[in-house]
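Colleague: Could you have a look at this structure, given as structure tokens, before my questions?
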Amino acid sequence: MSVPLERVFILNAERRRELSRSAANRRRFSVAFVVFCSIVAALSLIVLGTLLYDIFAQGTGYIWRSSEGSFGERVSAFFGTWSHFLSSPPRQTASEAGIFPSMFGTIWVCAVCGLVALPLGVATAIYLEEFKPKQTWLRRVHGFVQLNITNLAGVPSVVYGIIGMTIFVSMFQSPGSSQTPVLEFGINGIYDQYESKGLRMLRVPVDSRDAPDTQLVDGMTVYDGQGKALELNLIPVGAPIPQDEELKRRTLVNVAGGPARSRYIDEAWYYVRIPFGRSVLAGGLTLMLVVLPIVIISAQEAIRAVPQALREAALGMGCTPWQVVRKVTLPASIPGIMTGNILAMSRAIGEAAPILMIAGVVYIKSAPGNLMDSFTVMPLQIYNWASDSHREFHDLAASGIIVLLAILLFFNASAVIIRQKFQKNLG
Amino acid sequence: MMTDQPAKTASASAGTPARAKSFNATKHNGETPIIRQSAEVFAERAQNTQLGETAITISNFDARYGEFQALKNINLEIPEKSVTAFIGPSGCGKTTLLRWINRMNDIVPEARCSGKLTIRELDVLQPRLDVVELRRRVGIVFQKPNPFPKSIFENVAFGPRLHYKASRSELADLVEWALRKSALWDEVKDRLKQSALGLSGGQQQRLCIARAIAVGPEVLLMDEPCSALDPRSTLAVEDLIAELSKEYTIVIVTHNMQQAARASDSTAYLYEGELIESGPTHQVFTNPQNPETERYITGRLG
């Protein structure tokens, strides 16, 4: 016995009494801590509630105030204003402006981001967690990659904007541009476009983007906006303009050097080109860079939480390493992976800085039609409105935030449903 | 030292299987150590046990984890269609040896080994071996029951689905067979679709055994299969092991000497990475050749 027993205080009743901590004190501290936590939680709830109330009051109040008539009429006016807001492009006057293009811009960009980041991130996490190398030097590489992914999660998103500009928009300063691509695929046709005296678009097909102007001839076949063939009525300068509406619609005046024309590219929905330029694809991929580290790290956590015993059980039954992943690890970790993805997508949907660099400040009046279309997103649109000098636009910004929150909620809800479904299958 | 102890299990009638008698002995006489009581059982078993041909041959086997040598020059032959127990104090390398038999140690990055380990003619340690096929032939049951978070049916059908393209009805028959074989069918037949995680620990472990035999292995490795179970479930699993040993070569690692004595036909005693003694269980327990073994099984070591 190395320690003399009289020195062990727990055996000495008197010394024990001297040293004992007050139970009442400890209980008081415990209660105080619970109270402290409740106050903090309540405070954050109050702040959240205030914010939500403020946004909803500002974003819907002006519509309600400006409508007139009976209650029923005001309700229908309210919904009318909202549906106008959701389906119109932004305009100079606040009462006519809408959020349609940026709403669809956000949906497109986030869809691209999610569709790329999810499989890529989960695959990376599986690779890093389940296929760790055994050789010493490869293990170092593995550790280096792991460390850097953790670091990347903390990089400011504007930096990703710069990377996105270099990699996706200009493709390392590649020679082409969005008007003169190096490579493109999915063009339905290239047309010279003229405006007729009847204010209709007349299109004349040409061979390439840089083909010379077509020599217009009276009586040649041209096409209108719907692709219908028409016979061109070319009249010299000074000649009387026909009164007949049908004829007027296909009449062009042959001024010196030909009538004013623009070149119109009819792009298919699957149109792609290199370089990507300031397109939906470039924006989505840049956002993917922003959220990828988050997706990877959260997926890794989820995979790590799967008990090793399950992997050993599967291996012991003769699973290949891939079968272990497919049949045991992934099903058990899907709920955790989905949670991480919800967080990542929530971040992506609210990002403005990298998108501002990719999309630029542009006026967009329609939803993107393909991956190469230019776009804008809701955070940018909201920012534009909020920084406008007219007060009415600030109300619009609040309405925009409501829409943004709704989309966010929709994304999250679907992810939660997927998670629940998988959890049920496991249970 | 044990043979001179008079047998107290008079109730054990001739004709009942030897292992069942040892169970009765524990029930009736809780105070006396079972090993001493079972002397008569051992004597009987010594006549009855006919150890078959060698199924697994281990020779000059060394295993290490990085710098640490876990096993030194192991030479052991494991007979087919019988139960072989590895006993020894914690850290003596029994689990390591067991996990090398179906190459489960492949997933441990620092684990290395040398020597020879063959199952029939198959060289287990050859680098190019198809471990998937090896593990189909050599099933393993772990210390803690580890059913998949799936239904009971899916747990048992998991292995067969990996290796065979069986129809649903064939699978159903197979699952019933495996569950009956592991003495679980009557308890779970009405809830095959329910989660396996809802079963008790003992049931889960029997499910793991059913899962292991459902792929049709020749050898079953069991790594302390009863250490997480209560005594009643332990008895159920031991009964099951006895039953299964008619058809499978079973290797079981155990900390529990009584269990080794009750449930195994031959025993290997390992100490600090070395094989101290091996042989038929009755011989190891009643007449150990090595004083180390005697010290361990009488409880003076470990």
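Chain identifiers are assigned as A, B, and so on, following the order in which chains appear in the structure tokens; residues are numbered from 1 within each chain, and ligands are numbered from 1 in order of appearance.
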Name the residues of segment 214-296 of chain B that come out as strand (DSSP E or B) in a backbone DSSP run; write them as a PyMOL selection string.
Modeller: chain B and resi 219-223+249-253+266-271+274-280
Colleague: If we count only C-alpha atoms, what is near segment 347-363 of chain A at a cut-off of 8 Å, once residues fewer than 3 positions away on the same chain are taken out, given as a PyMOL selection string?
Modeller: chain A and resi 106+110+113+157-162+164-165+169+278-279+282-283+286-288+290-291+343-344+374-377+379-380+408
Colleague: Keeping only N, CA and C atoms, write those residues as a JSON list (two decimals), in the first residue's frame.
Modeller:
[["chain", "number", "residue", "atom", "x", "y", "z"],
["A", 106, "THR", "N", -33.12, 31.81, -59.92],
["A", 106, "THR", "CA", -32.73, 31.15, -58.67],
["A", 106, "THR", "C", -33.02, 29.65, -58.75],
["A", 110, "CYS", "N", -30.03, 27.00, -58.62],
["A", 110, "CYS", "CA", -29.97, 26.09, -57.48],
["A", 110, "CYS", "C", -30.15, 24.64, -57.93],
["A", 113, "CYS", "N", -26.83, 23.63, -59.26],
["A", 113, "CYS", "CA", -25.93, 23.50, -58.11],
["A", 113, "CYS", "C", -26.20, 22.19, -57.36],
["A", 157, "SER", "N", -17.29, 33.44, -49.94],
["A", 157, "SER", "CA", -17.88, 32.98, -51.20],
["A", 157, "SER", "C", -17.47, 33.84, -52.38],
["A", 158, "VAL", "N", -17.06, 35.08, -52.10],
["A", 158, "VAL", "CA", -16.66, 35.95, -53.20],
["A", 158, "VAL", "C", -15.42, 35.39, -53.91],
["A", 159, "VAL", "N", -14.59, 34.68, -53.12],
["A", 159, "VAL", "CA", -13.41, 34.06, -53.72],
["A", 159, "VAL", "C", -13.83, 33.00, -54.73],
["A", 160, "TYR", "N", -14.88, 32.27, -54.38],
["A", 160, "TYR", "CA", -15.40, 31.27, -55.33],
["A", 160, "TYR", "C", -15.93, 31.97, -56.58],
["A", 161, "GLY", "N", -16.46, 33.20, -56.40],
["A", 161, "GLY", "CA", -16.91, 33.96, -57.55],
["A", 161, "GLY", "C", -15.78, 34.20, -58.54],
["A", 162, "ILE", "N", -14.61, 34.54, -57.99],
["A", 162, "ILE", "CA", -13.45, 34.78, -58.86],
["A", 162, "ILE", "C", -13.04, 33.49, -59.56],
["A", 164, "GLY", "N", -14.95, 30.98, -60.19],
["A", 164, "GLY", "CA", -15.99, 30.69, -61.18],
["A", 164, "GLY", "C", -15.82, 31.52, -62.44],
["A", 165, "MET", "N", -15.46, 32.79, -62.27],
["A", 165, "MET", "CA", -15.21, 33.65, -63.44],
["A", 165, "MET", "C", -14.12, 33.04, -64.31],
["A", 169, "VAL", "N", -16.77, 30.97, -66.60],
["A", 169, "VAL", "CA", -17.22, 32.05, -67.48],
["A", 169, "VAL", "C", -16.27, 32.23, -68.66],
["A", 278, "ARG", "N", -21.47, 34.21, -69.17],
["A", 278, "ARG", "CA", -22.21, 34.56, -67.95],
["A", 278, "ARG", "C", -23.56, 33.83, -67.97],
["A", 279, "SER", "N", -23.50, 32.53, -67.84],
["A", 279, "SER", "CA", -24.70, 31.72, -68.05],
["A", 279, "SER", "C", -25.17, 31.06, -66.77],
["A", 282, "ALA", "N", -22.69, 28.41, -65.64],
["A", 282, "ALA", "CA", -21.53, 28.96, -64.93],
["A", 282, "ALA", "C", -21.93, 29.35, -63.51],
["A", 283, "GLY", "N", -23.10, 29.98, -63.37],
["A", 283, "GLY", "CA", -23.56, 30.40, -62.04],
["A", 283, "GLY", "C", -23.80, 29.20, -61.13],
["A", 286, "THR", "N", -20.57, 27.58, -60.11],
["A", 286, "THR", "CA", -19.85, 28.39, -59.12],
["A", 286, "THR", "C", -20.48, 28.21, -57.73],
["A", 287, "LEU", "N", -21.80, 28.22, -57.68],
["A", 287, "LEU", "CA", -22.47, 27.95, -56.40],
["A", 287, "LEU", "C", -22.12, 26.56, -55.89],
["A", 288, "MET", "N", -21.99, 25.62, -56.84],
["A", 288, "MET", "CA", -21.60, 24.26, -56.47],
["A", 288, "MET", "C", -20.26, 24.28, -55.74],
["A", 290, "VAL", "N", -19.13, 26.67, -53.98],
["A", 290, "VAL", "CA", -19.34, 27.25, -52.65],
["A", 290, "VAL", "C", -19.85, 26.19, -51.67],
["A", 291, "VAL", "N", -20.82, 25.38, -52.12],
["A", 291, "VAL", "CA", -21.46, 24.46, -51.17],
["A", 291, "VAL", "C", -20.79, 23.09, -51.10],
["A", 343, "LEU", "N", -28.82, 22.10, -45.44],
["A", 343, "LEU", "CA", -28.05, 23.27, -45.02],
["A", 343, "LEU", "C", -27.31, 23.89, -46.20],
["A", 344, "ALA", "N", -26.70, 23.03, -47.01],
["A", 344, "ALA", "CA", -25.92, 23.53, -48.14],
["A", 344, "ALA", "C", -26.81, 24.27, -49.13],
["A", 374, "SER", "N", -28.37, 34.01, -70.10],
["A", 374, "SER", "CA", -27.97, 34.88, -69.00],
["A", 374, "SER", "C", -29.11, 34.90, -67.98],
["A", 375, "PHE", "N", -28.82, 35.30, -66.77],
["A", 375, "PHE", "CA", -29.79, 35.14, -65.69],
["A", 375, "PHE", "C", -29.50, 36.14, -64.59],
["A", 376, "THR", "N", -30.44, 36.22, -63.67],
["A", 376, "THR", "CA", -30.19, 36.91, -62.42],
["A", 376, "THR", "C", -30.88, 36.11, -61.33],
["A", 377, "VAL", "N", -30.54, 36.36, -60.08],
["A", 377, "VAL", "CA", -31.15, 35.58, -59.00],
["A", 377, "VAL", "C", -31.85, 36.51, -58.02],
["A", 379, "PRO", "N", -31.65, 37.07, -54.68],
["A", 379, "PRO", "CA", -30.91, 37.95, -53.76],
["A", 379, "PRO", "C", -30.43, 39.22, -54.47],
["A", 380, "LEU", "N", -29.99, 39.09, -55.74],
["A", 380, "LEU", "CA", -29.52, 40.26, -56.48],
["A", 380, "LEU", "C", -30.67, 41.22, -56.76],
["A", 408, "LEU", "N", -37.17, 28.61, -50.35],
["A", 408, "LEU", "CA", -36.26, 27.96, -49.40],
["A", 408, "LEU", "C", -37.00, 26.88, -48.62]]
Colleague: Near segment 227-235 of chain A, counting only C-alpha atoms, which residues have an atom at most 9 Å away, once you skip same-chain residues fewer than 3 positions from it, shown as a CSV table (one decimal) with N, CA, C and O atoms, in the first residue's frame?
Modeller:
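So result_16.csv came out as:
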chain,number,residue,atom,x,y,z
A,202,LEU,N,-39.5,39.5,-89.4
A,202,LEU,CA,-39.3,38.7,-90.5
A,202,LEU,C,-37.9,38.1,-90.4
A,202,LEU,O,-36.9,38.8,-90.2
A,203,ARG,N,-37.8,36.8,-90.6
A,203,ARG,CA,-36.5,36.1,-90.4
A,203,ARG,C,-36.0,35.5,-91.7
A,203,ARG,O,-36.8,34.8,-92.4
A,216,LEU,N,-31.5,40.9,-100.0
A,216,LEU,CA,-32.9,40.7,-100.1
A,216,LEU,C,-33.4,40.9,-101.5
A,216,LEU,O,-33.0,41.7,-102.2
A,217,VAL,N,-34.4,40.0,-101.9
A,217,VAL,CA,-34.9,40.1,-103.2
A,217,VAL,C,-36.5,40.1,-103.0
A,217,VAL,O,-37.0,39.4,-102.1
A,218,ASP,N,-37.1,40.9,-103.8
A,218,ASP,CA,-38.6,41.0,-103.8
A,218,ASP,C,-39.2,39.6,-104.1
A,218,ASP,O,-38.7,38.9,-105.0
A,219,GLY,N,-40.1,39.1,-103.3
A,219,GLY,CA,-40.7,37.8,-103.6
A,219,GLY,C,-40.0,36.6,-102.9
A,219,GLY,O,-40.5,35.5,-103.0
A,220,MET,N,-38.9,36.8,-102.3
A,220,MET,CA,-38.2,35.7,-101.7
A,220,MET,C,-39.0,35.2,-100.4
A,220,MET,O,-39.8,35.9,-99.9
A,221,THR,N,-38.7,33.9,-100.0
A,221,THR,CA,-39.4,33.4,-98.8
A,221,THR,C,-38.7,33.8,-97.5
A,221,THR,O,-37.5,33.7,-97.4
A,222,VAL,N,-39.5,34.3,-96.6
A,222,VAL,CA,-39.0,34.7,-95.3
A,222,VAL,C,-39.9,34.0,-94.3
A,222,VAL,O,-41.0,33.5,-94.7
A,223,TYR,N,-39.5,34.1,-93.0
A,223,TYR,CA,-40.3,33.4,-92.0
A,223,TYR,C,-40.7,34.4,-90.9
A,223,TYR,O,-39.9,35.3,-90.6
A,224,ASP,N,-41.9,34.2,-90.3
A,224,ASP,CA,-42.3,35.1,-89.2
A,224,ASP,C,-41.8,34.4,-87.9
A,224,ASP,O,-41.2,33.4,-87.9
A,238,GLY,N,-39.3,55.5,-100.7
A,238,GLY,CA,-40.2,56.5,-101.3
A,238,GLY,C,-41.5,56.0,-101.8
A,238,GLY,O,-42.4,56.7,-102.0
A,239,ALA,N,-41.5,54.6,-102.1
A,239,ALA,CA,-42.7,54.0,-102.6
A,239,ALA,C,-43.8,54.0,-101.5
A,239,ALA,O,-43.5,54.0,-100.3
A,240,PRO,N,-45.0,54.1,-101.9
A,240,PRO,CA,-46.1,54.1,-100.9
A,240,PRO,C,-46.2,52.8,-100.2
A,240,PRO,O,-46.0,51.7,-100.7
A,241,ILE,N,-46.4,53.0,-98.9
A,241,ILE,CA,-46.5,51.8,-98.0
A,241,ILE,C,-47.9,51.2,-98.2
A,241,ILE,O,-48.9,51.9,-98.1
A,247,LEU,N,-50.4,42.5,-96.3
A,247,LEU,CA,-49.3,42.8,-97.1
A,247,LEU,C,-48.3,43.7,-96.3
A,247,LEU,O,-47.1,43.5,-96.4
A,248,LYS,N,-48.8,44.6,-95.5
A,248,LYS,CA,-48.0,45.5,-94.7
A,248,LYS,C,-47.1,44.7,-93.8
A,248,LYS,O,-45.9,45.0,-93.5
A,250,ARG,N,-45.6,41.9,-94.3
A,250,ARG,CA,-44.4,41.3,-94.9
A,250,ARG,C,-43.7,42.3,-95.9
A,250,ARG,O,-43.2,41.9,-96.9
A,251,THR,N,-43.8,43.6,-95.5
A,251,THR,CA,-43.2,44.6,-96.4
A,251,THR,C,-42.0,45.2,-95.7
A,251,THR,O,-42.0,45.6,-94.5
A,252,LEU,N,-40.9,45.3,-96.5
A,252,LEU,CA,-39.7,45.9,-96.0
A,252,LEU,C,-39.3,47.0,-97.0
A,252,LEU,O,-39.5,46.8,-98.2
A,253,VAL,N,-38.8,48.1,-96.5
A,253,VAL,CA,-38.3,49.2,-97.4
A,253,VAL,C,-36.8,49.0,-97.6
A,253,VAL,O,-36.0,48.8,-96.7
A,254,ASN,N,-36.4,48.9,-98.9
A,254,ASN,CA,-35.1,48.6,-99.3
A,254,ASN,C,-34.2,49.9,-99.3
A,254,ASN,O,-33.9,50.4,-100.3
Colleague: Considering only C-alpha atoms, can you say which of A:Asp192, A:Asp266, A:Glu130, A:Asp210 comes closest to chain B?
Modeller: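 For chain B, the nearest of the given residues is A:Glu130.
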Colleague: With only C-alpha atoms as the counted atoms, please give the residues lying no more than 7 Å from Thr57 of chain B, apart from itself and same-chain residues fewer than 2 positions off, as a PyMOL selection string.
Modeller: chain B and resi 54-55+59+76-78+117-119
Colleague: Could you save the residues just selected, with N, CA, C and O atoms, as a PDB file, in the first residue's frame?
Modeller:
ATOM      1  N   THR B  54      -9.059 -32.959 -40.819  1.00  0.00           N
ATOM      2  CA  THR B  54      -8.677 -31.579 -40.584  1.00  0.00           C
ATOM      3  C   THR B  54      -9.323 -30.665 -41.635  1.00  0.00           C
ATOM      4  O   THR B  54      -9.238 -30.940 -42.831  1.00  0.00           O
ATOM      5  N   ALA B  55      -9.978 -29.620 -41.159  1.00  0.00           N
ATOM      6  CA  ALA B  55     -10.594 -28.674 -42.088  1.00  0.00           C
ATOM      7  C   ALA B  55      -9.686 -27.468 -42.319  1.00  0.00           C
ATOM      8  O   ALA B  55      -9.531 -27.000 -43.432  1.00  0.00           O
ATOM      9  N   SER B  59      -0.077 -23.226 -40.011  1.00  0.00           N
ATOM     10  CA  SER B  59       1.289 -23.615 -39.665  1.00  0.00           C
ATOM     11  C   SER B  59       2.241 -22.428 -39.777  1.00  0.00           C
ATOM     12  O   SER B  59       2.122 -21.602 -40.675  1.00  0.00           O
ATOM     13  N   LEU B  76      -1.573 -25.246 -35.784  1.00  0.00           N
ATOM     14  CA  LEU B  76      -2.831 -25.751 -35.247  1.00  0.00           C
ATOM     15  C   LEU B  76      -3.623 -26.415 -36.366  1.00  0.00           C
ATOM     16  O   LEU B  76      -3.611 -25.961 -37.506  1.00  0.00           O
ATOM     17  N   GLU B  77      -4.301 -27.506 -36.018  1.00  0.00           N
ATOM     18  CA  GLU B  77      -5.193 -28.134 -36.989  1.00  0.00           C
ATOM     19  C   GLU B  77      -6.596 -28.142 -36.409  1.00  0.00           C
ATOM     20  O   GLU B  77      -6.801 -28.554 -35.271  1.00  0.00           O
ATOM     21  N   ILE B  78      -7.537 -27.662 -37.192  1.00  0.00           N
ATOM     22  CA  ILE B  78      -8.911 -27.571 -36.707  1.00  0.00           C
ATOM     23  C   ILE B  78      -9.741 -28.625 -37.417  1.00  0.00           C
ATOM     24  O   ILE B  78      -9.833 -28.622 -38.642  1.00  0.00           O
ATOM     25  N   LEU B 117      -1.947 -20.730 -43.895  1.00  0.00           N
ATOM     26  CA  LEU B 117      -3.274 -20.967 -43.342  1.00  0.00           C
ATOM     27  C   LEU B 117      -4.116 -21.516 -44.492  1.00  0.00           C
ATOM     28  O   LEU B 117      -4.341 -20.815 -45.470  1.00  0.00           O
ATOM     29  N   THR B 118      -4.511 -22.776 -44.386  1.00  0.00           N
ATOM     30  CA  THR B 118      -5.290 -23.347 -45.488  1.00  0.00           C
ATOM     31  C   THR B 118      -6.603 -23.911 -44.964  1.00  0.00           C
ATOM     32  O   THR B 118      -6.679 -24.429 -43.847  1.00  0.00           O
ATOM     33  N   ILE B 119      -7.643 -23.753 -45.794  1.00  0.00           N
ATOM     34  CA  ILE B 119      -8.928 -24.388 -45.522  1.00  0.00           C
ATOM     35  C   ILE B 119      -9.098 -25.423 -46.617  1.00  0.00           C
ATOM     36  O   ILE B 119      -9.205 -25.067 -47.790  1.00  0.00           O
TER      37      ILE B 119
END
Colleague: Name the residues of segment 178-208 of chain B that fall into alpha helix (DSSP H) according to DSSP on the backbone, using the chain letters and numbers of this document, as number ranges by chain.
Modeller: B: 178-181, 185-188, 201-208
Colleague: Those selected residues, please, written with N, CA, C and O atoms and delivered as a PDB file, in the first residue's frame.
Modeller:
ATOM      1  N   ALA B 178     -33.059 -21.211 -42.662  1.00  0.00           N
ATOM      2  CA  ALA B 178     -31.973 -20.673 -41.836  1.00  0.00           C
ATOM      3  C   ALA B 178     -32.490 -20.280 -40.456  1.00  0.00           C
ATOM      4  O   ALA B 178     -31.818 -20.511 -39.444  1.00  0.00           O
ATOM      5  N   LEU B 179     -33.701 -19.723 -40.428  1.00  0.00           N
ATOM      6  CA  LEU B 179     -34.250 -19.308 -39.128  1.00  0.00           C
ATOM      7  C   LEU B 179     -34.616 -20.516 -38.273  1.00  0.00           C
ATOM      8  O   LEU B 179     -34.454 -20.509 -37.058  1.00  0.00           O
ATOM      9  N   ARG B 180     -35.110 -21.571 -38.915  1.00  0.00           N
ATOM     10  CA  ARG B 180     -35.407 -22.798 -38.164  1.00  0.00           C
ATOM     11  C   ARG B 180     -34.111 -23.398 -37.619  1.00  0.00           C
ATOM     12  O   ARG B 180     -34.036 -23.837 -36.480  1.00  0.00           O
ATOM     13  N   LYS B 181     -33.102 -23.392 -38.486  1.00  0.00           N
ATOM     14  CA  LYS B 181     -31.811 -23.963 -38.125  1.00  0.00           C
ATOM     15  C   LYS B 181     -31.228 -23.221 -36.921  1.00  0.00           C
ATOM     16  O   LYS B 181     -30.565 -23.815 -36.086  1.00  0.00           O
ATOM     17  N   TRP B 185     -37.120 -19.472 -35.677  1.00  0.00           N
ATOM     18  CA  TRP B 185     -38.298 -19.399 -36.544  1.00  0.00           C
ATOM     19  C   TRP B 185     -39.593 -19.209 -35.757  1.00  0.00           C
ATOM     20  O   TRP B 185     -40.396 -18.332 -36.061  1.00  0.00           O
ATOM     21  N   ASP B 186     -39.767 -20.027 -34.717  1.00  0.00           N
ATOM     22  CA  ASP B 186     -41.038 -19.967 -33.984  1.00  0.00           C
ATOM     23  C   ASP B 186     -41.248 -18.607 -33.327  1.00  0.00           C
ATOM     24  O   ASP B 186     -42.372 -18.167 -33.138  1.00  0.00           O
ATOM     25  N   GLU B 187     -40.141 -17.947 -32.981  1.00  0.00           N
ATOM     26  CA  GLU B 187     -40.278 -16.666 -32.299  1.00  0.00           C
ATOM     27  C   GLU B 187     -40.537 -15.518 -33.270  1.00  0.00           C
ATOM     28  O   GLU B 187     -41.104 -14.497 -32.884  1.00  0.00           O
ATOM     29  N   VAL B 188     -40.114 -15.660 -34.516  1.00  0.00           N
ATOM     30  CA  VAL B 188     -40.191 -14.498 -35.425  1.00  0.00           C
ATOM     31  C   VAL B 188     -41.063 -14.734 -36.654  1.00  0.00           C
ATOM     32  O   VAL B 188     -41.229 -13.836 -37.459  1.00  0.00           O
ATOM     33  N   GLY B 201     -31.466  -9.189 -27.409  1.00  0.00           N
ATOM     34  CA  GLY B 201     -30.060  -9.428 -27.731  1.00  0.00           C
ATOM     35  C   GLY B 201     -29.792 -10.862 -28.171  1.00  0.00           C
ATOM     36  O   GLY B 201     -29.113 -11.103 -29.161  1.00  0.00           O
ATOM     37  N   GLY B 202     -30.364 -11.813 -27.442  1.00  0.00           N
ATOM     38  CA  GLY B 202     -30.146 -13.218 -27.779  1.00  0.00           C
ATOM     39  C   GLY B 202     -30.752 -13.574 -29.124  1.00  0.00           C
ATOM     40  O   GLY B 202     -30.153 -14.286 -29.925  1.00  0.00           O
ATOM     41  N   GLN B 203     -31.945 -13.032 -29.365  1.00  0.00           N
ATOM     42  CA  GLN B 203     -32.588 -13.278 -30.666  1.00  0.00           C
ATOM     43  C   GLN B 203     -31.767 -12.670 -31.789  1.00  0.00           C
ATOM     44  O   GLN B 203     -31.602 -13.272 -32.849  1.00  0.00           O
ATOM     45  N   GLN B 204     -31.261 -11.453 -31.537  1.00  0.00           N
ATOM     46  CA  GLN B 204     -30.443 -10.791 -32.556  1.00  0.00           C
ATOM     47  C   GLN B 204     -29.227 -11.636 -32.890  1.00  0.00           C
ATOM     48  O   GLN B 204     -28.850 -11.777 -34.056  1.00  0.00           O
ATOM     49  N   GLN B 205     -28.595 -12.204 -31.843  1.00  0.00           N
ATOM     50  CA  GLN B 205     -27.399 -12.990 -32.100  1.00  0.00           C
ATOM     51  C   GLN B 205     -27.750 -14.252 -32.887  1.00  0.00           C
ATOM     52  O   GLN B 205     -27.028 -14.645 -33.798  1.00  0.00           O
ATOM     53  N   ARG B 206     -28.889 -14.863 -32.570  1.00  0.00           N
ATOM     54  CA  ARG B 206     -29.296 -16.045 -33.350  1.00  0.00           C
ATOM     55  C   ARG B 206     -29.647 -15.646 -34.780  1.00  0.00           C
ATOM     56  O   ARG B 206     -29.404 -16.393 -35.722  1.00  0.00           O
ATOM     57  N   LEU B 207     -30.178 -14.420 -34.918  1.00  0.00           N
ATOM     58  CA  LEU B 207     -30.450 -13.918 -36.272  1.00  0.00           C
ATOM     59  C   LEU B 207     -29.141 -13.760 -37.039  1.00  0.00           C
ATOM     60  O   LEU B 207     -29.057 -14.096 -38.223  1.00  0.00           O
ATOM     61  N   CYS B 208     -28.113 -13.265 -36.355  1.00  0.00           N
ATOM     62  CA  CYS B 208     -26.816 -13.107 -37.011  1.00  0.00           C
ATOM     63  C   CYS B 208     -26.268 -14.471 -37.437  1.00  0.00           C
ATOM     64  O   CYS B 208     -25.625 -14.587 -38.484  1.00  0.00           O
TER      65      CYS B 208
END
Colleague: Based on only C-alpha atoms, which of the residues in chain A come within 7 Å of chain B? I want them as a PyMOL selection string.
Modeller: chain A and resi 134+309-310+313+316-320+426-427
Colleague: Taking all heavy atoms for each residue, export the selection above as a tab-separated table (two decimals), in the first residue's frame.
Modeller:
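Listed below is the output, result30.tsv:
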chain	number	residue	atom	x	y	z
A	134	LYS	N	-4.07	2.51	-47.90
A	134	LYS	CA	-3.30	1.84	-46.85
A	134	LYS	C	-1.83	2.25	-46.87
A	134	LYS	O	-1.17	2.22	-45.85
A	134	LYS	CB	-3.39	0.32	-47.04
A	134	LYS	CG	-4.72	-0.26	-46.59
A	134	LYS	CD	-4.70	-1.77	-46.65
A	134	LYS	CE	-6.01	-2.35	-46.17
A	134	LYS	NZ	-6.02	-3.80	-46.26
A	309	ALA	N	-19.50	-1.98	-36.88
A	309	ALA	CA	-19.99	-3.37	-36.77
A	309	ALA	C	-20.83	-3.74	-37.99
A	309	ALA	O	-20.78	-4.87	-38.46
A	309	ALA	CB	-20.81	-3.53	-35.50
A	310	LEU	N	-21.60	-2.76	-38.52
A	310	LEU	CA	-22.43	-3.06	-39.68
A	310	LEU	C	-21.57	-3.34	-40.91
A	310	LEU	O	-21.85	-4.23	-41.70
A	310	LEU	CB	-23.38	-1.89	-39.97
A	310	LEU	CG	-24.52	-1.70	-38.98
A	310	LEU	CD1	-25.45	-0.61	-39.47
A	310	LEU	CD2	-25.28	-2.99	-38.81
A	313	ALA	N	-20.09	-6.72	-40.50
A	313	ALA	CA	-21.09	-7.74	-40.76
A	313	ALA	C	-21.24	-7.96	-42.26
A	313	ALA	O	-21.26	-9.09	-42.74
A	313	ALA	CB	-22.43	-7.32	-40.16
A	316	GLY	N	-18.18	-9.56	-43.72
A	316	GLY	CA	-18.10	-10.94	-43.29
A	316	GLY	C	-19.02	-11.86	-44.06
A	316	GLY	O	-18.83	-13.05	-44.09
A	317	MET	N	-20.06	-11.27	-44.68
A	317	MET	CA	-20.98	-12.10	-45.47
A	317	MET	C	-20.52	-12.19	-46.91
A	317	MET	O	-21.17	-12.83	-47.72
A	317	MET	CB	-22.38	-11.50	-45.46
A	317	MET	CG	-22.81	-11.08	-44.11
A	317	MET	SD	-24.52	-11.37	-43.88
A	317	MET	CE	-24.63	-13.02	-44.45
A	318	GLY	N	-19.42	-11.51	-47.24
A	318	GLY	CA	-18.91	-11.58	-48.59
A	318	GLY	C	-19.33	-10.42	-49.46
A	318	GLY	O	-19.48	-10.57	-50.67
A	319	CYS	N	-19.52	-9.26	-48.89
A	319	CYS	CA	-19.78	-8.06	-49.69
A	319	CYS	C	-18.46	-7.55	-50.25
A	319	CYS	O	-17.43	-7.60	-49.58
A	319	CYS	CB	-20.36	-6.94	-48.83
A	319	CYS	SG	-22.11	-7.05	-48.58
A	320	THR	N	-18.50	-7.05	-51.48
A	320	THR	CA	-17.35	-6.30	-51.97
A	320	THR	C	-17.41	-4.92	-51.31
A	320	THR	O	-18.46	-4.53	-50.82
A	320	THR	CB	-17.42	-6.15	-53.49
A	320	THR	OG1	-18.61	-5.43	-53.80
A	320	THR	CG2	-17.45	-7.48	-54.19
A	426	LEU	N	-35.58	2.32	-43.07
A	426	LEU	CA	-34.57	1.68	-42.24
A	426	LEU	C	-35.19	1.06	-41.00
A	426	LEU	O	-34.74	0.05	-40.51
A	426	LEU	CB	-33.53	2.71	-41.81
A	426	LEU	CG	-32.66	3.26	-42.92
A	426	LEU	CD1	-31.74	4.33	-42.38
A	426	LEU	CD2	-31.84	2.15	-43.52
A	427	GLY	N	-36.25	1.71	-40.51
A	427	GLY	CA	-36.76	1.34	-39.19
A	427	GLY	C	-37.40	0.00	-39.08
A	427	GLY	O	-37.18	-0.96	-39.70
